[in-house]
>>> print(open('start.cif').read())   # mmCIF, C-alpha atoms
data_protein
#
loop_
_atom_site.label_atom_id
_atom_site.label_comp_id
_atom_site.auth_asym_id
_atom_site.auth_seq_id
_atom_site.Cartn_x
_atom_site.Cartn_y
_atom_site.Cartn_z
CA MET A 17 13.62 -6.88 -2.79
CA ALA A 18 16.60 -9.20 -2.43
CA LEU A 19 16.68 -11.81 0.31
CA ILE A 20 19.61 -11.75 2.68
CA SER A 21 22.32 -14.35 2.08
CA GLU A 22 23.14 -16.94 4.74
CA ASN A 23 26.48 -15.33 5.39
CA GLU A 24 25.01 -11.82 5.68
CA LEU A 25 22.38 -13.18 8.06
CA LYS A 26 25.09 -14.76 10.22
CA VAL A 27 27.00 -11.47 10.40
CA LEU A 28 23.83 -9.55 11.22
CA LYS A 29 22.87 -12.00 13.96
CA SER A 30 26.28 -11.47 15.54
CA ARG A 31 25.17 -7.80 15.96
CA ASP A 32 28.12 -6.69 13.88
CA ALA A 33 28.14 -2.87 14.06
CA ALA A 34 28.75 -2.37 10.35
CA ALA A 35 25.94 -4.75 9.42
CA VAL A 36 23.50 -3.10 11.83
CA THR A 37 24.49 0.34 10.55
CA ALA A 38 23.86 -0.77 6.98
CA VAL A 39 20.38 -2.06 7.89
CA VAL A 40 19.49 1.23 9.57
CA GLN A 41 20.86 3.36 6.73
CA GLN A 42 19.15 1.32 4.04
CA ASN A 43 15.74 1.22 5.69
CA THR A 44 15.10 4.33 7.81
CA GLN A 45 13.62 6.39 5.00
CA ALA A 46 11.32 3.60 3.85
CA LEU A 47 10.13 2.91 7.41
CA LEU A 48 9.48 6.57 8.13
CA ASN A 49 7.47 6.83 4.92
CA ALA A 50 5.60 3.67 5.87
CA ALA A 51 4.77 5.16 9.28
CA TYR A 52 3.34 8.25 7.57
CA GLY A 53 1.56 5.97 5.11
CA LEU A 54 -0.11 4.30 8.09
CA GLY A 55 -1.32 7.69 9.27
CA VAL A 56 1.18 8.09 12.11
CA ARG A 57 2.35 11.67 12.59
CA ASP A 58 5.48 13.18 14.08
CA PRO A 59 6.90 12.85 16.65
CA ASP A 60 5.19 9.45 16.97
CA ALA A 61 6.35 8.39 13.51
CA GLU A 62 10.03 8.82 14.34
CA GLU A 63 9.57 7.10 17.69
CA LEU A 64 7.79 4.20 15.97
CA VAL A 65 10.70 3.77 13.56
CA GLN A 66 13.17 3.75 16.45
CA GLU A 67 11.12 1.14 18.29
CA THR A 68 10.93 -0.94 15.12
CA PHE A 69 14.69 -1.12 14.76
CA ALA A 70 15.10 -1.87 18.47
CA ALA A 71 12.55 -4.70 18.19
CA PHE A 72 14.26 -5.98 15.05
CA LEU A 73 17.62 -6.18 16.81
CA GLY A 74 16.06 -7.69 19.91
CA GLY A 75 14.23 -10.34 17.90
CA LEU A 76 17.01 -11.04 15.39
CA ASP A 77 17.35 -14.64 16.46
CA ARG A 78 13.82 -15.29 15.16
CA PHE A 79 14.56 -13.79 11.76
CA GLU A 80 15.25 -16.66 9.37
CA GLY A 81 15.81 -14.68 6.19
CA ARG A 82 12.74 -16.07 4.40
CA SER A 83 11.59 -12.51 3.75
CA SER A 84 13.80 -9.57 2.92
CA VAL A 85 15.03 -7.52 5.88
CA ARG A 86 12.84 -4.64 4.74
CA THR A 87 9.72 -6.77 4.63
CA TRP A 88 10.49 -8.06 8.13
CA LEU A 89 10.94 -4.49 9.35
CA PHE A 90 7.65 -3.42 7.74
CA GLY A 91 5.92 -6.26 9.55
CA ILE A 92 7.32 -5.13 12.90
CA LEU A 93 6.40 -1.50 12.21
CA TYR A 94 2.87 -2.44 11.24
CA ARG A 95 2.28 -4.60 14.33
CA LYS A 96 3.73 -1.93 16.60
CA ALA A 97 1.51 0.71 15.00
CA LEU A 98 -1.53 -1.50 15.63
CA GLU A 99 -0.55 -2.12 19.29
CA ARG A 100 0.21 1.46 19.95
CA TRP A 101 -2.91 2.94 18.53
CA ARG A 102 -5.04 0.04 19.75
CA LYS A 103 -6.41 -0.49 16.30
CA ASP A 104 -8.51 -3.56 15.84
CA LYS A 105 -6.22 -5.85 13.92
CA ARG A 106 -9.03 -7.93 12.50
CA GLU A 107 -10.46 -6.49 9.33
CA GLU A 108 -14.23 -6.70 9.11
CA ALA A 109 -15.82 -9.29 6.84
CA THR A 110 -17.78 -6.54 5.11
CA ASP A 111 -16.97 -2.93 4.49
CA PRO A 112 -19.45 -0.20 3.47
CA VAL A 113 -17.41 0.46 0.33
CA ASP A 114 -18.30 -3.04 -0.93
CA VAL A 115 -21.94 -1.94 -1.14
CA VAL A 116 -21.05 1.44 -2.62
CA PHE A 117 -19.07 -0.27 -5.36
CA ASP A 118 -21.82 -2.79 -5.96
CA LYS A 119 -24.39 -0.04 -6.49
CA ARG A 120 -22.39 1.49 -9.31
CA PHE A 121 -23.22 -1.45 -11.59
CA MET A 122 -26.27 -3.10 -12.99
CA GLY A 123 -25.96 -6.33 -14.92
CA GLY A 124 -22.18 -5.96 -14.86
CA MET A 125 -22.27 -2.55 -16.62
CA TRP A 126 -21.83 0.90 -15.13
CA SER A 127 -25.08 2.42 -13.90
CA ALA A 128 -23.29 5.17 -11.91
CA PRO A 129 -20.01 5.73 -13.77
CA PRO A 130 -16.93 7.30 -12.16
CA LYS A 131 -16.87 11.09 -12.25
CA GLY A 132 -14.10 13.63 -11.86
CA PRO A 133 -11.55 15.51 -13.96
CA ASP A 134 -9.43 13.50 -16.35
CA GLU A 135 -6.12 14.23 -14.63
CA GLU A 136 -3.23 12.35 -16.17
CA ALA A 137 -0.68 13.38 -13.57
CA VAL A 138 -1.36 14.09 -9.92
CA SER A 139 -1.46 17.73 -8.87
CA SER A 140 -0.42 18.79 -5.36
CA GLU A 141 -4.07 19.70 -4.70
CA THR A 142 -5.24 16.20 -5.61
CA ALA A 143 -2.42 14.68 -3.57
CA ALA A 144 -3.58 16.70 -0.54
CA LEU A 145 -7.18 15.54 -1.04
CA ILE A 146 -6.06 11.91 -1.25
CA GLU A 147 -4.09 12.26 1.96
CA GLU A 148 -7.24 13.53 3.70
CA CYS A 149 -9.19 10.60 2.24
CA ALA A 150 -6.65 8.10 3.58
CA GLU A 151 -7.88 8.90 7.12
CA GLY A 152 -10.95 6.84 6.27
CA LEU A 153 -9.00 3.63 5.67
CA THR A 154 -8.36 0.93 8.25
CA ALA A 155 -4.76 0.26 9.27
CA GLY A 156 -4.67 -2.91 7.16
CA GLN A 157 -6.00 -1.12 4.09
CA ARG A 158 -3.50 1.70 4.50
CA ALA A 159 -0.61 -0.71 4.97
CA ALA A 160 -1.57 -2.86 1.98
CA PHE A 161 -1.99 0.20 -0.23
CA TYR A 162 1.31 1.71 0.89
CA LEU A 163 3.38 -1.46 0.51
CA LYS A 164 1.93 -2.18 -2.92
CA GLU A 165 1.80 1.32 -4.39
CA VAL A 166 4.85 3.03 -2.86
CA GLU A 167 7.21 0.18 -2.02
CA ALA A 168 5.97 -1.89 -4.98
CA LEU A 169 6.57 -5.06 -2.98
CA PRO A 170 5.64 -8.36 -4.61
CA THR A 171 2.35 -9.80 -3.38
CA GLN A 172 3.97 -12.51 -1.27
CA GLU A 173 6.21 -10.01 0.53
CA VAL A 174 3.21 -7.84 1.42
CA CYS A 175 1.39 -10.93 2.66
CA ASN A 176 4.40 -11.84 4.81
CA ALA A 177 4.64 -8.35 6.30
CA LEU A 178 0.94 -8.07 7.10
CA GLU A 179 0.44 -11.77 7.90
CA VAL A 180 -2.48 -12.09 5.52
CA SER A 181 -3.27 -14.46 2.67
CA ALA A 182 -3.09 -13.35 -0.96
CA THR A 183 -6.89 -13.42 -1.10
CA ASN A 184 -7.18 -11.18 1.96
CA LEU A 185 -4.59 -8.83 0.52
CA ARG A 186 -6.64 -8.40 -2.64
CA VAL A 187 -9.66 -7.53 -0.52
CA LEU A 188 -7.62 -4.95 1.41
CA LEU A 189 -6.36 -3.38 -1.82
CA PHE A 190 -9.84 -3.38 -3.36
CA ARG A 191 -11.30 -1.61 -0.34
CA ALA A 192 -8.41 0.84 0.03
CA ARG A 193 -8.47 1.88 -3.62
CA ASN A 194 -12.23 2.17 -3.84
CA LYS A 195 -12.55 4.10 -0.58
CA LEU A 196 -9.91 6.54 -1.74
CA ARG A 197 -11.46 6.88 -5.19
CA GLU A 198 -14.98 7.37 -3.85
CA CYS A 199 -13.76 9.95 -1.33
CA LEU A 200 -11.78 11.76 -4.00
CA GLU A 201 -14.78 11.85 -6.31
CA ARG A 202 -16.89 13.41 -3.54
CA LYS A 203 -14.24 16.03 -2.85
CA TRP A 204 -13.87 16.81 -6.54
CA GLY A 205 -17.63 17.21 -6.71
CA LYS A 206 -17.54 19.82 -3.93
CA ALA A 207 -14.65 21.78 -5.49
CA MET B 124 -14.83 -1.53 -32.34
CA THR B 125 -16.88 -1.18 -29.17
CA PHE B 126 -19.00 -4.15 -30.27
CA LEU B 127 -15.99 -6.22 -29.17
CA LEU B 128 -16.87 -5.35 -25.58
CA ARG B 129 -19.64 -7.89 -25.57
CA PHE B 130 -17.00 -10.64 -25.98
CA LEU B 131 -14.87 -9.33 -23.15
CA PRO B 132 -15.34 -9.42 -19.36
CA PRO B 133 -18.00 -6.88 -18.24
CA CYS B 134 -17.15 -3.54 -16.63
CA ARG B 135 -17.78 -4.66 -13.07
CA GLU B 136 -15.47 -7.64 -13.40
CA VAL B 137 -12.74 -5.56 -15.03
CA THR B 138 -12.80 -2.78 -12.45
CA GLU B 139 -12.88 -5.29 -9.61
CA ALA B 140 -9.84 -7.08 -11.07
CA VAL B 141 -7.95 -3.81 -11.43
CA ALA B 142 -8.79 -2.63 -7.89
CA ARG B 143 -7.83 -6.00 -6.41
CA GLY B 144 -4.48 -5.92 -8.18
CA GLU B 145 -5.20 -9.20 -9.93
CA MET B 146 -3.43 -8.11 -13.07
CA ASP B 147 -0.05 -8.55 -11.36
CA ASP B 148 -0.44 -12.32 -11.31
CA ALA B 149 -3.15 -13.06 -13.85
CA PRO B 150 -2.57 -15.41 -16.82
CA LEU B 151 -1.70 -13.74 -20.11
CA LEU B 152 -5.11 -14.22 -21.75
CA ARG B 153 -6.86 -12.68 -18.76
CA ARG B 154 -4.53 -9.68 -18.82
CA LEU B 155 -5.09 -9.27 -22.56
CA ALA B 156 -8.88 -9.40 -22.15
CA VAL B 157 -8.81 -6.79 -19.37
CA SER B 158 -6.37 -4.56 -21.27
CA LEU B 159 -8.52 -4.73 -24.39
CA HIS B 160 -11.62 -3.86 -22.37
CA LEU B 161 -9.82 -0.86 -20.88
CA ALA B 162 -8.73 0.24 -24.35
CA LEU B 163 -12.34 0.14 -25.59
CA CYS B 164 -14.33 1.30 -22.57
CA GLY B 165 -13.90 4.98 -21.69
CA LEU B 166 -15.62 4.64 -18.32
CA CYS B 167 -13.46 1.76 -17.12
CA ALA B 168 -10.39 3.53 -18.47
CA ARG B 169 -11.31 6.59 -16.41
CA TYR B 170 -11.72 4.42 -13.31
CA ALA B 171 -8.31 2.77 -13.90
CA ARG B 172 -6.72 6.18 -14.48
CA GLN B 173 -8.12 7.43 -11.19
CA LEU B 174 -6.68 4.42 -9.38
CA ARG B 175 -3.29 5.16 -10.93
CA LEU B 176 -3.56 8.73 -9.63
CA LEU B 177 -3.95 7.36 -6.13
CA GLY B 178 -0.65 5.50 -6.43
CA GLN B 179 1.08 8.55 -7.95
CA ALA B 180 -0.09 10.72 -5.05
CA ALA B 181 1.22 8.25 -2.49
CA ARG B 182 4.60 8.06 -4.24
CA LEU B 183 4.74 11.86 -4.53
CA ARG B 184 4.19 12.20 -0.80
CA ALA B 185 6.90 9.60 -0.09
CA SER B 186 9.42 11.35 -2.35
CA ARG B 187 9.14 14.61 -0.40
CA LEU B 188 10.78 13.33 2.76
CA ASP B 189 13.52 15.63 4.04
CA ILE B 190 16.81 13.75 3.71
CA ALA B 191 18.49 15.75 6.47
CA ARG B 192 15.73 14.66 8.86
CA VAL B 193 16.14 11.05 7.85
CA GLU B 194 19.89 11.20 8.46
CA ALA B 195 19.41 12.81 11.86
CA LEU B 196 16.94 10.05 12.75
CA GLN B 197 19.38 7.38 11.55
CA ASN B 198 22.08 8.82 13.79
CA ARG B 199 19.81 8.80 16.84
CA ILE B 200 18.77 5.21 16.10
CA LEU B 201 22.37 4.03 15.71
CA ALA B 202 23.44 5.82 18.89
CA ARG B 203 20.74 3.93 20.73
CA LEU B 204 21.29 0.50 19.11
CA LEU B 205 25.08 0.48 19.24
CA ALA B 206 25.46 2.00 22.71
#
>>> encode(input="start.cif", output="C-alpha cells")
Amino acid sequence: MALISENELKVLKSRDAAAVTAVVQQNTQALLNAAYGLGVRDPDAEELVQETFAAFLGGLDRFEGRSSVRTWLFGILYRKALERWRKDKREEATDPVDVVFDKRFMGGMWSAPPKGPDEEAVSSETAALIEECAEGLTAGQRAAFYLKEVEALPTQEVCNALEVSATNLRVLLFRARNKLRECLERKWGKA
Amino acid sequence: MTFLLRFLPPCREVTEAVARGEMDDAPLLRRLAVSLHLALCGLCARYARQLRLLGQAARLRASRLDIARVEALQNRILARLLA
C-alpha cells in the first residue's frame, strides 16, 4: 500500500476534483467490502461508505500522509461503524475463546485436537458457515481479521487504522481466528 | 521423523503463533522451527489449514461484489462530494 507523495497530498488537500475522483474510484470497492466485513448490511453499508468519504474530505487538513490514503479511510470507516452501532470500542481483557483454546492442550500438546473435514479449498457452503460465525466476533476482531486477511495490509498499517498496538492486534487476530475456527468446527459437527 | 518434534516448539506454542500472525514478522529461525513443526505434526497442520480456509472464505466473499453496484455508489458519492 503505497504512501501518498507530498505533491499528491498537496493536490488532494486543495480538493482538486480529479484527485478526489481518483480517491473515490480507487477505494469505494475496498471500503464497501470492509463495511460488509464489519458486519454492516445494506443499505447501511453504502451509507457508511458515503459518510466515510465525506468525513475524509472534511478532515483532509489533518491527514499528514503517514499512512496510505486507504488505511486512513479504513480507520474512518471503522470508527464511524463503532459510533453508529454503539459498539463498545474497548476490547475486553479476556475473551471466552482464550479459555476454549487453552482447554485444547495439556502440557503444550493437543488434548482435544481440531476436528472437521480436510478441505483444501473453501466451498461456498463453508464460506456461508464462516459468514454466520463472524457474527460472534467483536467489531475490533472483525476489522483486524478483514484488514489482514482480505486487504493483506502490513501489520503497522492495520495498527494505524484501528489505533491499536502490534501486541493488541495479535490478540485481536488470535481471538478472531479461533472464534471462527471453533464455530466452524461446531457447525461441521452438526452437518 | 516425528521424533524431531521434541526439539521443536510444542503444539500449543505453534498454533498460538500461527493464529496471532506472528510468522509475518518472526525471525528466520523461528519461522523455520514453526514450519518444520507444521510439516511433521498432522494435527497442527490441520489447524493451520483451517485458519487458511477462513482467509480464503473472506476473500471469496469480497471478490463477489457487483461492480455495477460499486460504480453506481461511486457516482453518488462523487455527486455529493463535488457538488
>>> resolve_selection(input="start.cif", expression="the PyMOL selection byres ((chain A and resi 150) around 9)", output="PyMOL selection string")
chain A and resi 53-55+145-149+151-154+158+192+195-196+199
>>> interface_residues(input="start.cif", of="chain B", to="chain A", cutoff="10 Å", atoms="all atoms listed in the file", output="PyMOL selection string")
chain B and resi 132-145+147-148+166-190+192-194+196-201+203-205
>>> atom_distance(input="start.cif", atom1="CA of Leu163 in chain B", atom2="CA of Arg129 in chain B")
10.9 Å
>>> closest_residue(input="start.cif", among="A:Leu93, A:Ala155, A:Val27, A:Val174", to="Ala71 in chain A", atoms="all atoms listed in the file")
A:Leu93
>>> atom_distance(input="start.cif", atom1="CA of Leu131 in chain B", atom2="CA of Leu161 in chain B")
10.1 Å
>>> atom_distance(input="start.cif", atom1="CA of Leu128 in chain B", atom2="CA of Met146 in chain B")
18.6 Å
>>> build_atoms(input="start.cif", residues="range 177-188 of chain B", atoms="all heavy atoms", output="compact mmCIF listing (two decimals), keeping the file's coordinate frame")
# COMPACT_ATOMS: atom_id res chain seq x y z
N LEU B 177 -4.08 7.62 -7.56
CA LEU B 177 -3.95 7.36 -6.13
C LEU B 177 -2.52 6.91 -5.81
O LEU B 177 -1.91 7.37 -4.85
CB LEU B 177 -4.92 6.27 -5.68
CG LEU B 177 -6.41 6.53 -5.91
CD1 LEU B 177 -7.23 5.30 -5.49
CD2 LEU B 177 -6.88 7.75 -5.15
N GLY B 178 -2.01 6.00 -6.63
CA GLY B 178 -0.65 5.50 -6.43
C GLY B 178 0.38 6.61 -6.64
O GLY B 178 1.33 6.74 -5.88
N GLN B 179 0.15 7.43 -7.67
CA GLN B 179 1.08 8.55 -7.95
C GLN B 179 1.13 9.51 -6.77
O GLN B 179 2.20 10.00 -6.40
CB GLN B 179 0.62 9.32 -9.19
CG GLN B 179 0.93 8.63 -10.51
CD GLN B 179 0.25 9.33 -11.67
OE1 GLN B 179 -0.21 10.48 -11.56
NE2 GLN B 179 0.14 8.65 -12.79
N ALA B 180 -0.03 9.79 -6.19
CA ALA B 180 -0.09 10.72 -5.05
C ALA B 180 0.68 10.16 -3.87
O ALA B 180 1.42 10.89 -3.19
CB ALA B 180 -1.54 10.98 -4.66
N ALA B 181 0.52 8.88 -3.61
CA ALA B 181 1.22 8.25 -2.49
C ALA B 181 2.74 8.31 -2.72
O ALA B 181 3.50 8.58 -1.79
CB ALA B 181 0.75 6.81 -2.32
N ARG B 182 3.16 8.04 -3.93
CA ARG B 182 4.60 8.06 -4.24
C ARG B 182 5.14 9.50 -4.18
O ARG B 182 6.27 9.72 -3.75
CB ARG B 182 4.86 7.43 -5.61
CG ARG B 182 4.64 5.92 -5.61
CD ARG B 182 5.04 5.26 -6.92
NE ARG B 182 4.14 5.55 -8.01
CZ ARG B 182 3.01 4.91 -8.25
NH1 ARG B 182 2.60 3.93 -7.45
NH2 ARG B 182 2.27 5.24 -9.30
N LEU B 183 4.33 10.44 -4.59
CA LEU B 183 4.74 11.86 -4.53
C LEU B 183 4.99 12.27 -3.08
O LEU B 183 6.00 12.87 -2.74
CB LEU B 183 3.65 12.74 -5.15
CG LEU B 183 3.95 14.23 -5.23
CD1 LEU B 183 5.09 14.48 -6.19
CD2 LEU B 183 2.72 15.00 -5.68
N ARG B 184 4.07 11.88 -2.22
CA ARG B 184 4.19 12.20 -0.80
C ARG B 184 5.47 11.58 -0.23
O ARG B 184 6.22 12.23 0.50
CB ARG B 184 2.96 11.65 -0.05
CG ARG B 184 3.01 11.69 1.46
CD ARG B 184 2.90 13.08 1.99
NE ARG B 184 2.82 13.11 3.45
CZ ARG B 184 3.87 13.09 4.26
NH1 ARG B 184 5.08 13.01 3.77
NH2 ARG B 184 3.71 13.13 5.57
N ALA B 185 5.73 10.32 -0.60
CA ALA B 185 6.90 9.60 -0.09
C ALA B 185 8.21 10.23 -0.58
O ALA B 185 9.21 10.21 0.12
CB ALA B 185 6.84 8.13 -0.50
N SER B 186 8.18 10.81 -1.77
CA SER B 186 9.42 11.35 -2.35
C SER B 186 9.80 12.69 -1.73
O SER B 186 10.91 13.18 -1.94
CB SER B 186 9.25 11.53 -3.86
OG SER B 186 8.38 12.62 -4.14
N ARG B 187 8.89 13.26 -0.93
CA ARG B 187 9.14 14.61 -0.40
C ARG B 187 9.77 14.60 1.00
O ARG B 187 9.87 15.63 1.64
CB ARG B 187 7.83 15.39 -0.36
CG ARG B 187 7.40 15.86 -1.72
CD ARG B 187 6.09 16.58 -1.69
NE ARG B 187 5.81 17.13 -3.01
CZ ARG B 187 4.63 17.62 -3.36
NH1 ARG B 187 3.62 17.61 -2.52
NH2 ARG B 187 4.45 18.11 -4.57
N LEU B 188 10.18 13.44 1.43
CA LEU B 188 10.78 13.33 2.76
C LEU B 188 12.10 14.07 2.79
O LEU B 188 12.92 13.96 1.89
CB LEU B 188 10.98 11.85 3.08
CG LEU B 188 11.00 11.42 4.52
CD1 LEU B 188 9.81 11.95 5.28
CD2 LEU B 188 11.03 9.90 4.59
